[in-house]
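Novice: Starting off with a structure, shown below.
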Amino acid sequence: MMRPSIAVSALLSLSLLGAGAPAEADDKSHYDARTDRLAGLRQDDLERLAPHLARGPVALIEFANSDADELPGINFALLVHANAAVVEALISDPTGYPKFMPTIDSVQVVERHGTAIVYDWAFNLAVLRMRGRNLMTVYRPLPNQPDAATRITVDNQEGDLGQGRMLFRVHPRGPETCILVVSMRVDLREANYIARQMATAARSVNRSANLALACSMALHFRREAEHRTTTKDSSSGTGPLVTRQVDVHMLARLLDRGDLVLFSMSGDRLDQLTVLGVVEQSMDKVQAALRNARAFGSELVPGAAATIVSEAHGITIFDWSIDLPLVGVSGRMRMDERKPVVSVDATSGALHGGHWLFDVTSLAKRVTLVNASARFDFTDSTWLLEKLISADPDLGHGITAASEVMLVRALRSRATEL
């Protein structure tokens with residue numbers, strides 16, 4: 001039976017702001033975020049993801065090399081209902097960012113050299129005030145390659161966000177549609193004091209910050225491009241949370257590289273998200289990891305605690321709390337194990353109204369697919385998270401996604417230890 005502390009640890013992934021496992025060894029000899037290649041997503045990858053891109057953005061969170069102190073690449077793709085040239089123009093003109101990115105206060109061009117731009121930036125995000133200098137270079141396709149992607153690289157030369165680089169690819173899909181792929185790897189361990197303190201908690205914190213930033217930028221670019229070219233309203237009513245149906249064979253090559261995050265969006269609203277992750281352990285081990293609440297919880301959020309209020313007929317009511325600086329929160333949840341897919345609802349306290357589904361499927365003797373779907377947000381949780389999300393709701397979508405990725409990776413880690 002799945003015990004309540006699992007849901008506490010899984011659902012309250014507030015550790016992305018500082019809690020987590022000990023930091024890995026700091027050996028830079030094998031890795032440099034400024035120069036390591038960003039693999040991104042190839043054309044055939046985007047074709048495989050096409051059915052999911054039609055419903056919302058897709059992110060691939062790559063696995064890091066465990067033998068080196070490297071950070072995983074973050075790849076965020078979304079369909080934009082605007083001409084590729086419009087999206088390219090928005091990205092390649094950083095001086096325009098403050099007009100549609102609410103957290104960026106200013107951008108000043110330092111110098112230009114052909115298709116390269118050096119610029120200084122500054123932004124305020126809740127209690128975080130950061131500055132830096134970037135080098136942007138635009139690589140446009142040749143005239144005889146009208147369907148090829150435009151590449152725009154951004155290198156962090158100095159500043160409060162540390163060292164790293166971003167890669168934007170704009171893939172034309174006809175005269176009124178394109179696919180934007182944002183790939184990034186920024187090392188916050190080289191950033192300012194606040195960011196360094198967050199990043200030293202665990203590599204997962206760095207990963208979470210990269211995913212949240214990539215999500216925010218991509219959604220802002222999409223909204224502004226579509227605003228300039230169309231008045232179409234794609235919003236619709238929110239249906240019930242469901243387990244996402246996927247073709248695992250079609251996605252196998254991507255799942256071998258990392259975990260997939262599938263967003264379902266109506267306009268700017270995030271209806272639900274799903275994280276798909278393969279665990280190279282038997283289904284019995286993965287289920288055992290889920291049932292071992294105390295051990296699994298320590299993998300994710302140290303300081304989490306739960307008290308059973310009632311337990312009968314496959315339904316468990318429990319109170320939970322996390323006692324940590326800045327992210328001290330509590331609430332009550334209801335877990336229903338009467339169906340093959342375990343469901344959890346936040347009935348009061350922080351994350352009130354949130355809903356989660358957990359599905360585990362055996363793919364082979366020692367290969368298991370975890371399919372974790374959720375609908376929740378952090379707007380009713382902690383002061384710091386509320387400030388971050390109110391300043392930039394798109395960043396909130398990324399934080400939500402990052403917390404679900406953290407859940408799946410903690411489950412993988414615990415199952416491997418059994």
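Identifiers in the structure tokens: chain A, B, ... in order shown; residue index from 1 per chain; ligand index from 1 in order shown.
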In region 345-394 of chain A, what's alpha helix (DSSP H) per DSSP? Answer as a PyMOL selection string?

Specialist: chain A and resi 383-391+393-394

Novice: I'd like the contact shell of region 337-352 of chain A - 7 Å cut-off, only C-alpha atoms, skipping same-chain residues fewer than 3 positions apart - returned as a ChimeraX atom specification.

Specialist: /A:314-315,329-334,355-359,376-378,380-381

Novice: Find the spatial neighbours of Glu176 (chain A), counting only C-alpha atoms, within a cut-off of 12 Å - ignore same-chain residues fewer than 6 positions away - and output them as a PyMOL selection string.

Specialist: chain A and resi 79-87+225-226+228-230

Novice: Please provide the set of residues having any atom within 12 Å of Ala148 (chain A), restricted to only C-alpha atoms, with same-chain residues fewer than 2 positions apart removed, written as a list in words.

Specialist: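 Answer for this query is Arg42, Gln43, Ala84, Tyr139, Arg140, Pro141, Leu142, Pro143, Asn144, Gln145, Pro146, Thr150, Arg151, Arg169, Val170, His171, Pro172, Arg173, Gly174, Cys178 and Ile179 of chain A.
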
Novice: Show which residues sit within 8 Å of region 98-107 of chain A, as a ChimeraX atom specification. Count only C-alpha atoms, and ignore same-chain residues fewer than 4 positions away.

Specialist: /A:94,119-125,217,220,224,391-392

Novice: Go ahead and write the selection's residues with all heavy atoms as a short mmCIF file (atom, residue, chain, number, x, y, z; two decimals), in the first residue's frame.

Specialist:
```cif
data_model
loop_
_atom_site.label_atom_id
_atom_site.label_comp_id
_atom_site.auth_asym_id
_atom_site.auth_seq_id
_atom_site.Cartn_x
_atom_site.Cartn_y
_atom_site.Cartn_z
N PRO A 94 17.10 41.82 -28.65
CA PRO A 94 16.95 41.83 -27.19
C PRO A 94 16.51 43.17 -26.61
O PRO A 94 15.96 43.21 -25.51
CB PRO A 94 18.35 41.44 -26.68
CG PRO A 94 19.28 41.74 -27.80
CD PRO A 94 18.49 41.52 -29.06
N TYR A 119 25.22 42.64 -25.34
CA TYR A 119 24.27 43.51 -24.64
C TYR A 119 24.29 43.24 -23.14
O TYR A 119 24.59 42.13 -22.68
CB TYR A 119 22.85 43.33 -25.19
CG TYR A 119 22.28 41.94 -25.07
CD1 TYR A 119 21.51 41.57 -23.96
CD2 TYR A 119 22.49 40.98 -26.06
CE1 TYR A 119 20.97 40.30 -23.85
CE2 TYR A 119 21.96 39.71 -25.96
CZ TYR A 119 21.20 39.37 -24.86
OH TYR A 119 20.67 38.10 -24.74
N ASP A 120 23.98 44.27 -22.38
CA ASP A 120 23.81 44.17 -20.93
C ASP A 120 22.33 44.10 -20.60
O ASP A 120 21.50 44.76 -21.24
CB ASP A 120 24.43 45.38 -20.23
CG ASP A 120 25.95 45.41 -20.34
OD1 ASP A 120 26.55 44.33 -20.54
OD2 ASP A 120 26.52 46.51 -20.24
N TRP A 121 21.98 43.31 -19.60
CA TRP A 121 20.59 43.17 -19.19
C TRP A 121 20.46 43.32 -17.68
O TRP A 121 21.43 43.14 -16.93
CB TRP A 121 20.03 41.81 -19.62
CG TRP A 121 20.84 40.64 -19.14
CD1 TRP A 121 21.84 39.98 -19.80
CD2 TRP A 121 20.76 40.02 -17.84
NE1 TRP A 121 22.37 38.99 -19.02
CE2 TRP A 121 21.73 38.98 -17.82
CE3 TRP A 121 19.96 40.23 -16.72
CZ2 TRP A 121 21.91 38.17 -16.71
CZ3 TRP A 121 20.14 39.41 -15.60
CH2 TRP A 121 21.11 38.39 -15.61
N ALA A 122 19.26 43.63 -17.26
CA ALA A 122 18.96 43.73 -15.82
C ALA A 122 17.51 43.36 -15.62
O ALA A 122 16.65 43.70 -16.43
CB ALA A 122 19.22 45.14 -15.30
N PHE A 123 17.23 42.61 -14.55
CA PHE A 123 15.83 42.33 -14.23
C PHE A 123 15.65 42.17 -12.74
O PHE A 123 16.58 41.83 -11.99
CB PHE A 123 15.30 41.11 -14.99
CG PHE A 123 15.81 39.78 -14.52
CD1 PHE A 123 15.27 39.16 -13.40
CD2 PHE A 123 16.80 39.12 -15.22
CE1 PHE A 123 15.72 37.91 -12.98
CE2 PHE A 123 17.25 37.88 -14.82
CZ PHE A 123 16.71 37.27 -13.70
N ASN A 124 14.41 42.43 -12.30
CA ASN A 124 14.01 42.25 -10.92
C ASN A 124 12.95 41.16 -10.88
O ASN A 124 11.96 41.23 -11.61
CB ASN A 124 13.44 43.53 -10.32
CG ASN A 124 14.47 44.63 -10.27
OD1 ASN A 124 15.65 44.37 -10.04
ND2 ASN A 124 14.04 45.86 -10.50
N LEU A 125 13.14 40.17 -10.03
CA LEU A 125 12.17 39.08 -9.90
C LEU A 125 11.96 38.83 -8.41
O LEU A 125 12.77 38.18 -7.76
CB LEU A 125 12.70 37.83 -10.59
CG LEU A 125 11.71 36.68 -10.77
CD1 LEU A 125 10.52 37.13 -11.61
CD2 LEU A 125 12.38 35.50 -11.43
N MET A 217 10.70 32.06 -21.06
CA MET A 217 11.11 32.75 -22.28
C MET A 217 10.31 32.28 -23.49
O MET A 217 9.82 33.08 -24.29
CB MET A 217 12.60 32.54 -22.53
CG MET A 217 13.49 33.33 -21.60
SD MET A 217 15.23 33.24 -22.10
CE MET A 217 15.53 31.48 -21.94
N HIS A 220 6.69 33.54 -23.47
CA HIS A 220 6.62 34.98 -23.75
C HIS A 220 6.84 35.26 -25.25
O HIS A 220 6.14 36.11 -25.83
CB HIS A 220 7.64 35.75 -22.92
CG HIS A 220 7.21 35.97 -21.50
ND1 HIS A 220 6.05 36.64 -21.17
CD2 HIS A 220 7.78 35.62 -20.32
CE1 HIS A 220 5.93 36.69 -19.87
NE2 HIS A 220 6.97 36.08 -19.32
N GLU A 224 3.85 36.95 -27.67
CA GLU A 224 4.08 38.20 -28.39
C GLU A 224 4.01 38.00 -29.89
O GLU A 224 3.43 38.82 -30.61
CB GLU A 224 5.44 38.78 -28.00
CG GLU A 224 5.78 40.11 -28.66
CD GLU A 224 4.85 41.25 -28.25
OE1 GLU A 224 4.11 41.08 -27.25
OE2 GLU A 224 4.87 42.30 -28.92
N ALA A 391 4.89 37.77 -10.37
CA ALA A 391 5.69 38.58 -11.27
C ALA A 391 5.72 38.01 -12.67
O ALA A 391 5.77 38.76 -13.65
CB ALA A 391 7.12 38.71 -10.72
N ASP A 392 5.69 36.70 -12.80
CA ASP A 392 5.76 36.05 -14.11
C ASP A 392 5.03 34.71 -14.05
O ASP A 392 5.61 33.69 -13.70
CB ASP A 392 7.23 35.84 -14.51
CG ASP A 392 7.38 35.28 -15.92
OD1 ASP A 392 6.36 34.94 -16.53
OD2 ASP A 392 8.52 35.19 -16.40
#
```

Novice: May I have the residues within 8 Å of Ser373 (chain A) as a CSV table (one decimal) with C-alpha atoms, in the first residue's frame, using only C-alpha atoms and disregarding those fewer than 2 positions away in the same chain?

Specialist:
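Dumped everything to around27.csv:
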```csv
chain,number,residue,atom,x,y,z
A,241,LEU,CA,-7.4,15.4,-15.0
A,242,VAL,CA,-6.6,12.3,-17.0
A,243,THR,CA,-3.6,10.0,-17.5
A,244,ARG,CA,-1.9,11.0,-20.8
A,272,GLN,CA,-2.4,19.8,-16.8
A,273,LEU,CA,1.1,18.4,-17.3
A,274,THR,CA,2.5,14.9,-17.5
A,275,VAL,CA,6.0,13.7,-16.8
A,356,TRP,CA,-2.3,14.2,-9.1
A,357,LEU,CA,-2.4,10.8,-10.9
A,358,PHE,CA,0.3,8.2,-10.7
A,371,ASN,CA,3.4,8.4,-16.0
A,375,ARG,CA,-2.8,19.9,-12.1
```
